[in-house]
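Below: the structure, in structure tokens.
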Amino acid sequence: MKINVCLIQDSPEFFDKEKTFLKVEKLCRKYANEGHQLLVFPESFIPGYPRGLSFGAKVGSRTEEGRNLYLKYHQNSVELESEDEVRLEKLCQDLQIYLVIGVTERKKQNGSLYCSMLYFSPKGLLGVHRKIKPTGTERLIWAEDSGKSLVSFDTKIGKMGGLICWENYMPLARMAMYQQGIEIYIAPTADSRENWIATMKHIALEGRCFVLGCNQYFTKSMYPQEYQLELAQEPEVICAGGSVIVSPMGEIIAGPLFGKSGALCAEIDLSAIVKSKLDFDPIGHYSRDDIFHFQALGQPKMKSEE
């Protein structure tokens, strides 16, 4: 099966959910009209990944300004089972696309924020992956989820799943994805180091899957004026991008795209996965189930699109 995929390397309208929704809708229409079936957006695209901002926190104290920023971030985060979800579902239905988008999600049940990856089909929301381990200072603003968040989906365009940013450095989290038979491994991120490309190539080789590494491109001047003083020591290019599409043999198909906004698009042929498993298969003939046993507690079974 051959499918057309498109990674959107762009920037949100920072901390403004409505304006960012409008941008997402515009970009989806553009690339869907060009024939792409699967569109992927970066980590926390709605309402933005807050790189460089401290939220006024240091060990032992928090500032009122930081609390006000958190309030704004909270108010502009995405809530499922609301008009936010309906809006994205309608977009995918109208355009007949699959959409994977990174958001900061506000959970109704507890009010906490999560770094989440939402999966949509033309029929609606397939499910959500929430970061199981935010990195560094991310832990101040994002809660972490349990094994139930290690989701995967059997769709008409292939078996999809993935992890967000530095979750991809967690060997057992990757193995939890491989064990589901993932064919299209989706890795939204905010890491624009060249070393990240090596990680994407390694995962493709290790998991024998296509890897879609989608990053954002944004500059300091794209932030609202009210945050410029705190960002004074940051470089103008805060995130240089680096979106990349990698084959199951670890070969780069498209990208990496650095230094500008844009879209990285390619046709991928899922038959390449079978061919790549001739000599290596981490969950098949190259596994040693007689020696190793691994179970991700709480991980759900792969969900069918039907």
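A note on labels: chains of the structure tokens are A, B, ... as shown, every chain counts residues from 1, and ligands are counted from 1 in their shown order.
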Using only C-alpha atoms, find each residue in stretch 22-100 of chain A having at least one atom no more than 10 Å away from stretch 1-18 of chain A; report its shortest atom-to-atom pair and that distance in Å (one decimal), rows by chain then rising number, as JSON lines.
{"residue": "A:Leu22", "atom": "CA", "partner": "A:Glu18", "partner_atom": "CA", "distance": 6.4}
{"residue": "A:Lys23", "atom": "CA", "partner": "A:Pro12", "partner_atom": "CA", "distance": 7.4}
{"residue": "A:Val24", "atom": "CA", "partner": "A:Pro12", "partner_atom": "CA", "distance": 8.4}
{"residue": "A:Leu27", "atom": "CA", "partner": "A:Ile8", "partner_atom": "CA", "distance": 8.0}
{"residue": "A:Cys28", "atom": "CA", "partner": "A:Ile8", "partner_atom": "CA", "distance": 9.0}
{"residue": "A:Tyr31", "atom": "CA", "partner": "A:Cys6", "partner_atom": "CA", "distance": 7.4}
{"residue": "A:Ala32", "atom": "CA", "partner": "A:Cys6", "partner_atom": "CA", "distance": 9.0}
{"residue": "A:Glu34", "atom": "CA", "partner": "A:Asn4", "partner_atom": "CA", "distance": 9.7}
{"residue": "A:Gly35", "atom": "CA", "partner": "A:Asn4", "partner_atom": "CA", "distance": 7.1}
{"residue": "A:His36", "atom": "CA", "partner": "A:Asn4", "partner_atom": "CA", "distance": 4.8}
{"residue": "A:Gln37", "atom": "CA", "partner": "A:Asn4", "partner_atom": "CA", "distance": 5.5}
{"residue": "A:Leu38", "atom": "CA", "partner": "A:Val5", "partner_atom": "CA", "distance": 4.8}
{"residue": "A:Leu39", "atom": "CA", "partner": "A:Cys6", "partner_atom": "CA", "distance": 4.9}
{"residue": "A:Val40", "atom": "CA", "partner": "A:Leu7", "partner_atom": "CA", "distance": 4.8}
{"residue": "A:Phe41", "atom": "CA", "partner": "A:Ile8", "partner_atom": "CA", "distance": 5.2}
{"residue": "A:Pro42", "atom": "CA", "partner": "A:Gln9", "partner_atom": "CA", "distance": 7.0}
{"residue": "A:Ser44", "atom": "CA", "partner": "A:Pro12", "partner_atom": "CA", "distance": 9.1}
{"residue": "A:Phe45", "atom": "CA", "partner": "A:Pro12", "partner_atom": "CA", "distance": 5.9}
{"residue": "A:Ile46", "atom": "CA", "partner": "A:Lys17", "partner_atom": "CA", "distance": 6.2}
{"residue": "A:Pro47", "atom": "CA", "partner": "A:Phe15", "partner_atom": "CA", "distance": 4.7}
{"residue": "A:Gly48", "atom": "CA", "partner": "A:Phe14", "partner_atom": "CA", "distance": 5.3}
{"residue": "A:Tyr49", "atom": "CA", "partner": "A:Phe14", "partner_atom": "CA", "distance": 8.2}
{"residue": "A:Pro50", "atom": "CA", "partner": "A:Phe14", "partner_atom": "CA", "distance": 8.4}
{"residue": "A:Leu69", "atom": "CA", "partner": "A:Phe15", "partner_atom": "CA", "distance": 9.3}
{"residue": "A:Lys72", "atom": "CA", "partner": "A:Phe15", "partner_atom": "CA", "distance": 7.1}
{"residue": "A:Tyr73", "atom": "CA", "partner": "A:Phe15", "partner_atom": "CA", "distance": 5.9}
{"residue": "A:His74", "atom": "CA", "partner": "A:Phe15", "partner_atom": "CA", "distance": 9.1}
{"residue": "A:Gln75", "atom": "CA", "partner": "A:Lys17", "partner_atom": "CA", "distance": 8.6}
{"residue": "A:Asn76", "atom": "CA", "partner": "A:Lys17", "partner_atom": "CA", "distance": 5.0}
{"residue": "A:Ser77", "atom": "CA", "partner": "A:Lys17", "partner_atom": "CA", "distance": 6.8}
{"residue": "A:Val78", "atom": "CA", "partner": "A:Lys17", "partner_atom": "CA", "distance": 7.7}
{"residue": "A:Asp84", "atom": "CA", "partner": "A:Lys17", "partner_atom": "CA", "distance": 9.5}
{"residue": "A:Tyr98", "atom": "CA", "partner": "A:Val5", "partner_atom": "CA", "distance": 9.4}
{"residue": "A:Leu99", "atom": "CA", "partner": "A:Cys6", "partner_atom": "CA", "distance": 9.8}
{"residue": "A:Val100", "atom": "CA", "partner": "A:Leu7", "partner_atom": "CA", "distance": 9.6}
Mind writing the picked residues with C-alpha atoms as a PDB file, in the first residue's frame?
ATOM      1  CA  LEU A  22      -7.695  28.787  12.114  1.00  0.00           C
ATOM      2  CA  LYS A  23      -4.108  28.256  11.003  1.00  0.00           C
ATOM      3  CA  VAL A  24      -4.397  24.470  11.402  1.00  0.00           C
ATOM      4  CA  LEU A  27      -2.869  24.318   6.411  1.00  0.00           C
ATOM      5  CA  CYS A  28      -4.914  21.120   6.433  1.00  0.00           C
ATOM      6  CA  TYR A  31      -2.164  19.975   1.878  1.00  0.00           C
ATOM      7  CA  ALA A  32      -5.274  17.797   1.736  1.00  0.00           C
ATOM      8  CA  GLU A  34      -2.684  18.417  -2.808  1.00  0.00           C
ATOM      9  CA  GLY A  35      -3.593  14.779  -2.218  1.00  0.00           C
ATOM     10  CA  HIS A  36      -1.986  14.013   1.140  1.00  0.00           C
ATOM     11  CA  GLN A  37      -3.836  11.438   3.224  1.00  0.00           C
ATOM     12  CA  LEU A  38      -1.988  11.766   6.542  1.00  0.00           C
ATOM     13  CA  LEU A  39      -1.062  15.157   7.999  1.00  0.00           C
ATOM     14  CA  VAL A  40       1.171  15.487  11.067  1.00  0.00           C
ATOM     15  CA  PHE A  41       1.723  18.576  13.231  1.00  0.00           C
ATOM     16  CA  PRO A  42       4.501  19.117  15.836  1.00  0.00           C
ATOM     17  CA  SER A  44       2.083  21.090  21.424  1.00  0.00           C
ATOM     18  CA  PHE A  45       1.261  22.972  18.234  1.00  0.00           C
ATOM     19  CA  ILE A  46      -1.908  24.176  19.935  1.00  0.00           C
ATOM     20  CA  PRO A  47      -1.414  26.556  21.730  1.00  0.00           C
ATOM     21  CA  GLY A  48       2.392  26.388  21.351  1.00  0.00           C
ATOM     22  CA  TYR A  49       5.483  24.831  22.910  1.00  0.00           C
ATOM     23  CA  PRO A  50       6.649  27.444  25.462  1.00  0.00           C
ATOM     24  CA  LEU A  69       1.203  32.928  32.166  1.00  0.00           C
ATOM     25  CA  LYS A  72      -3.320  31.963  29.946  1.00  0.00           C
ATOM     26  CA  TYR A  73      -1.702  28.733  28.766  1.00  0.00           C
ATOM     27  CA  HIS A  74      -4.343  26.728  30.617  1.00  0.00           C
ATOM     28  CA  GLN A  75      -7.215  28.774  29.164  1.00  0.00           C
ATOM     29  CA  ASN A  76      -5.907  28.295  25.611  1.00  0.00           C
ATOM     30  CA  SER A  77      -5.245  24.564  25.871  1.00  0.00           C
ATOM     31  CA  VAL A  78      -7.316  21.970  24.024  1.00  0.00           C
ATOM     32  CA  ASP A  84     -12.388  21.650  20.251  1.00  0.00           C
ATOM     33  CA  TYR A  98      -6.018  11.361   8.850  1.00  0.00           C
ATOM     34  CA  LEU A  99      -4.593  13.934  11.241  1.00  0.00           C
ATOM     35  CA  VAL A 100      -2.070  13.557  14.060  1.00  0.00           C
TER      36      VAL A 100
END
Using only C-alpha atoms, what does the table of stretch 51-81 of chain A residues within 12 Å of stretch 229-235 of chain A look like, with each row giving the shortest atom pair and its distance in Å to one decimal, sorted by chain and ascending number, as JSON lines?
{"residue": "A:Arg51", "atom": "CA", "partner": "A:Leu231", "partner_atom": "CA", "distance": 9.3}
{"residue": "A:Gly52", "atom": "CA", "partner": "A:Leu231", "partner_atom": "CA", "distance": 6.3}
{"residue": "A:Leu53", "atom": "CA", "partner": "A:Glu230", "partner_atom": "CA", "distance": 7.0}
{"residue": "A:Ser54", "atom": "CA", "partner": "A:Glu230", "partner_atom": "CA", "distance": 8.3}
{"residue": "A:Phe55", "atom": "CA", "partner": "A:Glu230", "partner_atom": "CA", "distance": 10.0}
{"residue": "A:Gly56", "atom": "CA", "partner": "A:Glu230", "partner_atom": "CA", "distance": 9.8}
{"residue": "A:Glu65", "atom": "CA", "partner": "A:Glu230", "partner_atom": "CA", "distance": 11.1}
{"residue": "A:Gly66", "atom": "CA", "partner": "A:Glu230", "partner_atom": "CA", "distance": 11.0}
Item to complete: Would you mind telling me which residue in A:Ala296, A:Leu212, A:Ile283, A:Val151 lies nearest to A:Leu264 when using only C-alpha atoms?
Response: A:Leu212
Worksheet item: Just asking: which residues within stretch 107-290 of chain A are helix (DSSP H, G or I) according to DSSP, as a ChimeraX atom specification?
Response: /A:138-141,147-149,165-169,171-178,194-207,220-222,225-227,271-276
Item to complete: Return the single residue from A:Gly259, A:Gly124, A:Pro282, A:Gly136 that is closest to A:Glu206, with distances computed using only C-alpha atoms.
Response: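 Distance minimum relative to A:Glu206 lands on A:Pro282.
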Discussion item. Quick one: residues within 7 Å of A:Ile184, only C-alpha atoms, excluding same-chain residues fewer than 5 positions away - as a PyMOL selection string?
Written reply: chain A and resi 158-161+209-211
Could you write those residues out with C-alpha atoms, as a compact mmCIF listing (two decimals), in the first residue's frame?
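Written out: part_27.txt:
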# COMPACT_ATOMS: atom_id res chain seq x y z
CA GLY A 158 -1.60 1.42 8.11
CA LYS A 159 -0.90 0.70 11.76
CA MET A 160 -0.01 3.93 13.54
CA GLY A 161 1.46 4.85 16.90
CA CYS A 209 8.87 1.01 10.49
CA PHE A 210 8.47 4.34 8.73
CA VAL A 211 9.30 7.19 11.09
Worksheet item: Which of these residues is nearest to A:Ser149, using only C-alpha atoms: A:Ile182, A:Leu297, A:Leu88, A:Leu95?
Response: A:Leu297
Worksheet entry | Shell around stretch 166-172 of chain A at 9 Å using only C-alpha atoms, local window under 5 positions removed, as a list in words | Lys131, Ile132, Lys133, Pro134, Thr135, Met177, Ala187, Thr189, Asp191, Thr199, Met200, Ile203, Phe294 and Ala296 of chain A
Worksheet item: Distance atom CA of A:Tyr286-atom CA of A:Val274, one decimal place?
Response: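 Spanning atom CA of A:Tyr286 to atom CA of A:Val274 is a straight-line distance of 13.8 Å.
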